[in-house]
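Asker: Quick one, my_file-v1.cif (mmCIF, C-alpha atoms):
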data_query
#
loop_
_atom_site.label_atom_id
_atom_site.label_comp_id
_atom_site.auth_asym_id
_atom_site.auth_seq_id
_atom_site.Cartn_x
_atom_site.Cartn_y
_atom_site.Cartn_z
CA MET A 15 -2.56 2.29 3.76
CA LYS A 16 -3.91 3.10 0.33
CA PRO A 17 -6.46 0.69 -1.16
CA LEU A 18 -4.97 -1.96 -3.41
CA THR A 19 -6.41 -3.95 -6.27
CA GLU A 20 -6.05 -7.68 -6.73
CA GLN A 21 -3.56 -7.10 -9.57
CA GLU A 22 -1.43 -4.75 -7.41
CA ILE A 23 -1.40 -7.32 -4.61
CA ARG A 24 -0.38 -10.21 -6.89
CA ALA A 25 2.42 -8.11 -8.43
CA ALA A 26 3.79 -7.13 -4.99
CA PHE A 27 4.90 -10.59 -3.78
CA VAL A 28 8.63 -10.72 -3.09
CA ASN A 29 9.07 -14.28 -1.84
CA CYS A 30 7.17 -16.46 -4.29
CA THR A 31 7.12 -16.99 -8.02
CA LYS A 32 4.79 -15.10 -10.34
CA GLY A 33 2.91 -18.35 -10.94
CA GLU A 34 2.41 -18.90 -7.21
CA ALA A 35 1.26 -15.30 -6.79
CA LYS A 36 -1.20 -15.77 -9.64
CA ARG A 37 -2.72 -18.88 -8.01
CA LEU A 38 -2.98 -17.72 -4.39
CA ALA A 39 -6.31 -16.73 -2.85
CA VAL A 40 -6.76 -12.94 -2.63
CA PRO A 41 -9.67 -11.66 -0.51
CA HIS A 42 -12.81 -10.85 -2.49
CA ASP A 43 -13.83 -8.06 -0.10
CA LEU A 44 -10.99 -5.64 -0.85
CA ALA A 45 -13.41 -2.75 -1.34
CA ASP A 46 -14.87 -3.34 2.15
CA ARG A 47 -11.57 -3.38 4.05
CA PRO A 48 -10.91 -0.50 6.50
CA TRP A 49 -7.89 0.72 4.48
CA GLU A 50 -7.60 4.00 6.40
CA HIS A 51 -6.98 1.99 9.60
CA LEU A 52 -4.58 -0.61 8.16
CA ASP A 53 -0.81 -0.55 8.42
CA TYR A 54 -0.80 -3.71 6.32
CA LEU A 55 -3.34 -6.02 4.73
CA GLY A 56 -3.18 -9.53 6.11
CA TRP A 57 -5.32 -12.60 5.47
CA ARG A 58 -5.30 -16.36 5.83
CA ASP A 59 -5.99 -18.64 2.90
CA PRO A 60 -9.47 -20.12 3.38
CA GLN A 61 -8.56 -23.13 1.22
CA SER A 62 -5.30 -23.87 3.03
CA PRO A 63 -5.22 -23.15 6.79
CA GLY A 64 -1.43 -23.33 6.85
CA ARG A 65 -1.00 -20.37 4.50
CA ALA A 66 -1.29 -16.65 5.18
CA TYR A 67 -0.34 -13.51 3.30
CA LEU A 68 0.38 -9.89 4.04
CA VAL A 69 0.89 -6.75 1.97
CA THR A 70 2.48 -3.56 3.27
CA GLU A 71 3.75 -0.31 1.83
CA THR A 72 7.43 0.55 1.99
CA ALA A 73 8.94 3.56 0.29
CA GLY A 74 5.67 4.24 -1.51
CA ARG A 75 5.27 0.79 -3.07
CA ALA A 76 3.52 -2.38 -2.05
CA SER A 77 5.48 -5.42 -0.87
CA ALA A 78 3.74 -8.72 -0.18
CA LEU A 79 4.82 -11.84 1.68
CA ALA A 80 3.64 -15.42 1.49
CA LEU A 81 3.67 -16.96 4.97
CA ARG A 82 3.33 -20.43 6.45
CA ARG A 83 1.74 -20.95 9.84
CA PRO A 84 1.18 -24.04 11.95
CA VAL A 85 -2.30 -25.45 12.08
CA ALA A 86 -3.24 -25.30 15.76
CA ALA A 87 -3.96 -28.58 17.48
CA ALA A 88 -6.99 -28.76 19.75
CA GLY A 89 -6.29 -27.79 23.34
CA GLN A 90 -3.04 -25.95 22.62
CA THR A 91 -3.67 -22.46 23.97
CA ARG A 92 -1.19 -20.43 25.94
CA ARG A 93 -0.63 -16.77 26.49
CA SER A 94 1.68 -15.23 23.88
CA MET A 95 2.52 -11.78 22.60
CA CYS A 96 2.57 -10.63 18.99
CA ARG A 97 6.01 -9.25 18.14
CA ILE A 98 4.56 -6.89 15.55
CA CYS A 99 1.88 -5.02 17.55
CA MET A 100 2.73 -6.17 21.10
CA THR A 101 -0.77 -7.49 21.79
CA GLY A 102 -1.11 -10.42 24.18
CA HIS A 103 -3.39 -13.30 23.24
CA ASP A 104 -4.55 -16.55 24.79
CA GLY A 105 -3.75 -18.86 21.90
CA GLY A 106 -4.07 -16.12 19.25
CA VAL A 107 -0.42 -15.83 18.24
CA SER A 108 1.28 -18.04 15.64
CA LEU A 109 4.79 -18.34 14.32
CA MET A 110 4.51 -16.94 10.80
CA VAL A 111 7.34 -18.19 8.63
CA ALA A 112 8.27 -16.54 5.34
CA PRO A 113 10.59 -18.07 2.76
CA LYS A 114 13.38 -15.60 2.06
CA ALA A 115 13.27 -13.74 -1.23
CA GLY A 116 15.49 -14.75 -4.14
CA LYS A 117 18.11 -17.45 -4.19
CA ALA A 118 18.14 -17.87 -0.39
CA GLY A 119 14.44 -18.75 -0.45
CA GLN A 120 14.94 -21.16 -3.34
CA GLN A 121 17.53 -22.91 -1.15
CA GLY A 122 14.93 -23.29 1.61
CA ASN A 123 15.99 -20.45 3.91
CA SER A 124 13.24 -18.71 5.85
CA VAL A 125 12.64 -16.29 8.71
CA GLY A 126 9.79 -16.18 11.18
CA VAL A 127 8.03 -13.91 13.64
CA TYR A 128 5.33 -14.48 16.23
CA MET A 129 2.27 -12.56 14.99
CA CYS A 130 -1.42 -12.20 15.68
CA ASP A 131 -2.94 -15.33 14.17
CA ASP A 132 -5.69 -13.33 12.45
CA LEU A 133 -3.19 -10.76 11.08
CA ALA A 134 -5.26 -7.89 12.53
CA CYS A 135 -2.42 -6.04 14.31
CA SER A 136 -3.56 -2.66 12.96
CA LEU A 137 -7.00 -3.08 14.50
CA TYR A 138 -5.67 -4.27 17.87
CA VAL A 139 -3.31 -1.29 18.13
CA ARG A 140 -6.14 1.14 17.39
CA GLY A 141 -8.51 -0.54 19.87
CA MET A 142 -10.90 -1.47 17.05
CA LYS A 143 -10.62 -5.17 17.87
CA GLU A 144 -10.26 -6.78 21.29
CA ALA A 145 -7.98 -9.70 22.03
CA GLY A 146 -9.51 -10.43 25.42
CA ALA A 147 -8.93 -9.45 29.02
CA ALA A 148 -5.55 -7.85 29.74
CA ALA A 149 -4.49 -8.26 26.10
CA ARG A 150 -2.91 -4.81 25.91
CA LEU A 151 -0.43 -3.94 28.57
CA HIS A 152 -0.66 -0.41 29.90
CA GLU A 153 1.76 1.78 27.98
CA THR A 154 2.52 5.47 28.13
CA LEU A 155 2.94 5.62 24.36
CA GLU A 156 0.47 7.65 22.34
CA LEU A 157 -1.52 5.92 19.60
CA GLU A 158 0.71 7.36 16.85
CA GLU A 159 3.80 5.98 18.60
CA LYS A 160 2.20 2.52 18.86
CA ILE A 161 1.36 2.65 15.17
CA GLU A 162 4.93 3.72 14.33
CA ARG A 163 6.28 0.82 16.42
CA THR A 164 3.99 -1.64 14.64
CA VAL A 165 5.07 -0.34 11.23
CA ALA A 166 8.76 -0.47 12.25
CA ASN A 167 8.44 -4.04 13.55
CA LEU A 168 6.79 -5.14 10.33
CA ALA A 169 9.44 -3.33 8.24
CA ALA A 170 12.18 -5.11 10.21
CA PHE A 171 10.58 -8.47 9.45
CA LEU A 172 10.19 -7.57 5.75
CA SER A 173 13.85 -6.54 5.56
CA LYS A 174 14.90 -9.93 6.98
CA VAL A 175 12.86 -11.66 4.28
CA THR A 176 14.33 -9.55 1.48
CA ALA A 177 17.93 -9.46 2.79
#
Could you render the structure from this file as structure tokens?
Answerer:
Amino acid sequence: MKPLTEQEIRAAFVNCTKGEAKRLAVPHDLADRPWEHLDYLGWRDPQSPGRAYLVTETAGRASALALRRPVAAAGQTRRSMCRICMTGHDGGVSLMVAPKAGKAGQQGNSVGVYMCDDLACSLYVRGMKEAGAAARLHETLELEEKIERTVANLAAFLSKVTA
């Protein structure tokens, strides 16, 4: 993924108003992110634990989503698998819900996907971050194929939001 500026990120949101995009918390460490290893940029709002955001590139342009996630209650951990990168976690997967873009979103329609709670799918796929014992099932896919699958799964979710 190519490095993005705060202004590019704010302009890329497809499922919130310009005012909401202007007010949301964008990471301050954009220059320090491992852009060459990211299929998308994802972060959780430090001021609001129920909010998360992600930005990806499709057809050469950035598209960003505002997401809602449940705030985990103490003691609620179970083994789950991220549907974006196919990494298993003990309590590290959340249902990320995105309001649909346009009129459907204004009417309250949304779509969701179970994703890595820390939004670090790119790093899990590349083995740069560990999710714990037996988190990655043995696969015969090459790294590039795993990356392509991750990108395709994210694109499918984005298309449901923008449909």
Asker: Residues of region 95-153 of chain A within 9 Å of region 17-30 of chain A: nearest atom pair and distance (Å, one decimal) for each, counting only C-alpha atoms, sorted by chain and number, as CSV?
Answerer:
residue,atom,partner,partner_atom,distance
A:Ala112,CA,A:Asn29,CA,7.6
A:Pro113,CA,A:Asn29,CA,6.2
A:Lys114,CA,A:Asn29,CA,6.0
A:Ala115,CA,A:Asn29,CA,4.3
A:Gly116,CA,A:Asn29,CA,6.8
A:Gly119,CA,A:Asn29,CA,7.1
Asker: Could you list, as a PyMOL selection string, every residue within 12 Å of Glu50 (chain A), counting only C-alpha atoms and ignoring same-chain residues fewer than 4 positions away?
Answerer: chain A and resi 15-18+45-46+54-55+136-137+140
Asker: Considering all atoms listed in the file, can you say which of A:Glu144, A:Glu71, A:Glu153, A:Glu34 comes closest to Asp132 (chain A)?
Answerer: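 Going through A:Glu144, A:Glu71, A:Glu153, A:Glu34 one by one, the smallest distance to Asp132 (chain A) is for A:Glu144.
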Asker: Quick one: of A:Ala76, A:Leu155, A:Ala169, A:Cys99, who's nearest to Asp131 (chain A), counting only C-alpha atoms?
Answerer: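 Nearest to Asp131 (chain A): A:Cys99.
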Asker: Pick out the residues sitting within 12 Å of Lys143 (chain A), and hand them over as a PyMOL selection string; count only C-alpha atoms, and ignore anything fewer than 4 positions along from it in its own chain.
Answerer: chain A and resi 51+101+130+132-139+149-150
Asker: Need the shell around Arg93 (chain A): protein/DNA/RNA residues with any atom at most 8 Å away, counting all atoms listed in the file. Skip same-chain ones fewer than 2 positions apart. Format as a list in words?
Answerer: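 The residues that qualify are Thr91, Met95, Gly102, His103, Asp104 and Gly105 of chain A.
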Asker: What does the distance from CA of Asn123 (chain A) to CA of Ala177 (chain A) come to in Å, to one decimal?
Answerer: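 Atom-to-atom, CA of Asn123 (chain A) to CA of Ala177 (chain A), that is 11.2 Å.
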Asker: Written as a list in words, what is the full residue list that the PyMOL selection byres ((chain A and resi 38) around 10) yields on the file shown?
Answerer: Arg24, Gly33, Glu34, Ala35, Lys36, Arg37, Ala39, Val40, Pro41, Asp59, Gln61, Ser62, Arg65, Ala66, Tyr67 and Ala80 of chain A
Asker: Mind giving me the straight-line distance from CA of Ala78 (chain A) to CA of Asp43 (chain A) in Å, one decimal?
Answerer: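 Rounded to one decimal, the two atoms are 17.6 Å apart.
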Asker: My list of candidates is A:Gly126, A:Val69, A:Val111, A:Gly64. Which is closest to Leu52 (chain A) when distances are computed with only C-alpha atoms?
Answerer: A:Val69
Asker: Tell me, in Å to one decimal, how far CA of Gly106 (chain A) is from CA of Val127 (chain A).
Answerer: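 Distance reported for this atom pair: 13.5 Å.
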Asker: Using all atoms listed in the file, pick whichever of A:Ala145, A:Trp49, A:Ser77, A:Leu168 has the shortest atom-to-atom distance to Ser94 (chain A).
Answerer: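 With all atoms listed in the file as the atom set, the closest residue is A:Ala145.
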Asker: Measuring atom to atom with all atoms listed in the file, identify which of A:Met129, A:Ala170, A:Arg92, A:Gly122 is nearest to Gly56 (chain A).
Answerer: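 Closest to Gly56 (chain A) of all the choices is A:Met129.
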Asker: Which is closer to Phe171 (chain A) than all the others in A:Val125, A:Val107, A:Ala73, A:Ala118, using only C-alpha atoms?
Answerer: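 With only C-alpha atoms as the atom set, the closest residue is A:Val125.
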Asker: Restricted to C-alpha atoms, what does region 16-81 of chain A look like when written out as a PDB file, in the first residue's frame?
Answerer:
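This went into selection_38.pdb:
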ATOM      1  CA  LYS A  16       1.301   3.470  -0.759  1.00  0.00           C
ATOM      2  CA  PRO A  17       1.734   5.854   2.179  1.00  0.00           C
ATOM      3  CA  LEU A  18      -1.235   8.127   2.789  1.00  0.00           C
ATOM      4  CA  THR A  19      -1.532  11.524   4.405  1.00  0.00           C
ATOM      5  CA  GLU A  20      -4.122  12.497   6.976  1.00  0.00           C
ATOM      6  CA  GLN A  21      -5.949  14.583   4.347  1.00  0.00           C
ATOM      7  CA  GLU A  22      -6.042  11.649   1.878  1.00  0.00           C
ATOM      8  CA  ILE A  23      -7.410   9.371   4.591  1.00  0.00           C
ATOM      9  CA  ARG A  24     -10.143  11.810   5.652  1.00  0.00           C
ATOM     10  CA  ALA A  25     -11.199  12.331   2.009  1.00  0.00           C
ATOM     11  CA  ALA A  26     -11.423   8.563   1.378  1.00  0.00           C
ATOM     12  CA  PHE A  27     -14.314   7.722   3.744  1.00  0.00           C
ATOM     13  CA  VAL A  28     -17.278   6.249   1.891  1.00  0.00           C
ATOM     14  CA  ASN A  29     -19.698   5.537   4.735  1.00  0.00           C
ATOM     15  CA  CYS A  30     -19.713   8.666   6.868  1.00  0.00           C
ATOM     16  CA  THR A  31     -20.283  12.358   6.326  1.00  0.00           C
ATOM     17  CA  LYS A  32     -17.473  14.794   5.581  1.00  0.00           C
ATOM     18  CA  GLY A  33     -18.016  16.311   9.023  1.00  0.00           C
ATOM     19  CA  GLU A  34     -17.670  12.924  10.719  1.00  0.00           C
ATOM     20  CA  ALA A  35     -14.534  12.185   8.693  1.00  0.00           C
ATOM     21  CA  LYS A  36     -13.095  15.547   9.713  1.00  0.00           C
ATOM     22  CA  ARG A  37     -13.664  14.827  13.428  1.00  0.00           C
ATOM     23  CA  LEU A  38     -12.465  11.209  13.630  1.00  0.00           C
ATOM     24  CA  ALA A  39      -9.118  10.304  15.175  1.00  0.00           C
ATOM     25  CA  VAL A  40      -6.440   9.570  12.544  1.00  0.00           C
ATOM     26  CA  PRO A  41      -3.194   7.958  13.777  1.00  0.00           C
ATOM     27  CA  HIS A  42      -0.377  10.425  14.421  1.00  0.00           C
ATOM     28  CA  ASP A  43       2.310   7.900  13.468  1.00  0.00           C
ATOM     29  CA  LEU A  44       1.479   7.592   9.767  1.00  0.00           C
ATOM     30  CA  ALA A  45       5.117   8.127   8.780  1.00  0.00           C
ATOM     31  CA  ASP A  46       6.179   5.192  10.988  1.00  0.00           C
ATOM     32  CA  ARG A  47       3.690   2.646   9.639  1.00  0.00           C
ATOM     33  CA  PRO A  48       5.116  -0.332   7.667  1.00  0.00           C
ATOM     34  CA  TRP A  49       3.315   0.745   4.462  1.00  0.00           C
ATOM     35  CA  GLU A  50       5.232  -1.703   2.251  1.00  0.00           C
ATOM     36  CA  HIS A  51       3.766  -4.587   4.297  1.00  0.00           C
ATOM     37  CA  LEU A  52       0.178  -3.308   4.564  1.00  0.00           C
ATOM     38  CA  ASP A  53      -2.744  -4.399   2.434  1.00  0.00           C
ATOM     39  CA  TYR A  54      -4.835  -1.860   4.327  1.00  0.00           C
ATOM     40  CA  LEU A  55      -4.359   0.601   7.155  1.00  0.00           C
ATOM     41  CA  GLY A  56      -6.513  -0.185  10.157  1.00  0.00           C
ATOM     42  CA  TRP A  57      -6.745   1.411  13.590  1.00  0.00           C
ATOM     43  CA  ARG A  58      -9.018   1.670  16.601  1.00  0.00           C
ATOM     44  CA  ASP A  59     -10.085   5.018  17.990  1.00  0.00           C
ATOM     45  CA  PRO A  60      -8.198   5.560  21.259  1.00  0.00           C
ATOM     46  CA  GLN A  61     -10.919   7.939  22.507  1.00  0.00           C
ATOM     47  CA  SER A  62     -13.804   5.593  21.692  1.00  0.00           C
ATOM     48  CA  PRO A  63     -13.137   1.842  22.079  1.00  0.00           C
ATOM     49  CA  GLY A  64     -16.239   0.978  20.059  1.00  0.00           C
ATOM     50  CA  ARG A  65     -14.955   2.658  16.903  1.00  0.00           C
ATOM     51  CA  ALA A  66     -12.414   1.455  14.351  1.00  0.00           C
ATOM     52  CA  TYR A  67     -11.402   2.548  10.873  1.00  0.00           C
ATOM     53  CA  LEU A  68      -9.703   1.083   7.851  1.00  0.00           C
ATOM     54  CA  VAL A  69      -8.363   2.441   4.572  1.00  0.00           C
ATOM     55  CA  THR A  70      -7.572   0.322   1.526  1.00  0.00           C
ATOM     56  CA  GLU A  71      -6.709   0.895  -2.099  1.00  0.00           C
ATOM     57  CA  THR A  72      -9.081  -0.216  -4.833  1.00  0.00           C
ATOM     58  CA  ALA A  73      -8.576   0.595  -8.486  1.00  0.00           C
ATOM     59  CA  GLY A  74      -5.718   2.939  -7.609  1.00  0.00           C
ATOM     60  CA  ARG A  75      -7.621   5.086  -5.116  1.00  0.00           C
ATOM     61  CA  ALA A  76      -8.091   5.013  -1.383  1.00  0.00           C
ATOM     62  CA  SER A  77     -11.398   3.942   0.165  1.00  0.00           C
ATOM     63  CA  ALA A  78     -11.971   4.201   3.905  1.00  0.00           C
ATOM     64  CA  LEU A  79     -14.587   2.688   6.200  1.00  0.00           C
ATOM     65  CA  ALA A  80     -15.846   3.716   9.602  1.00  0.00           C
ATOM     66  CA  LEU A  81     -16.534   0.624  11.699  1.00  0.00           C
TER      67      LEU A  81
END
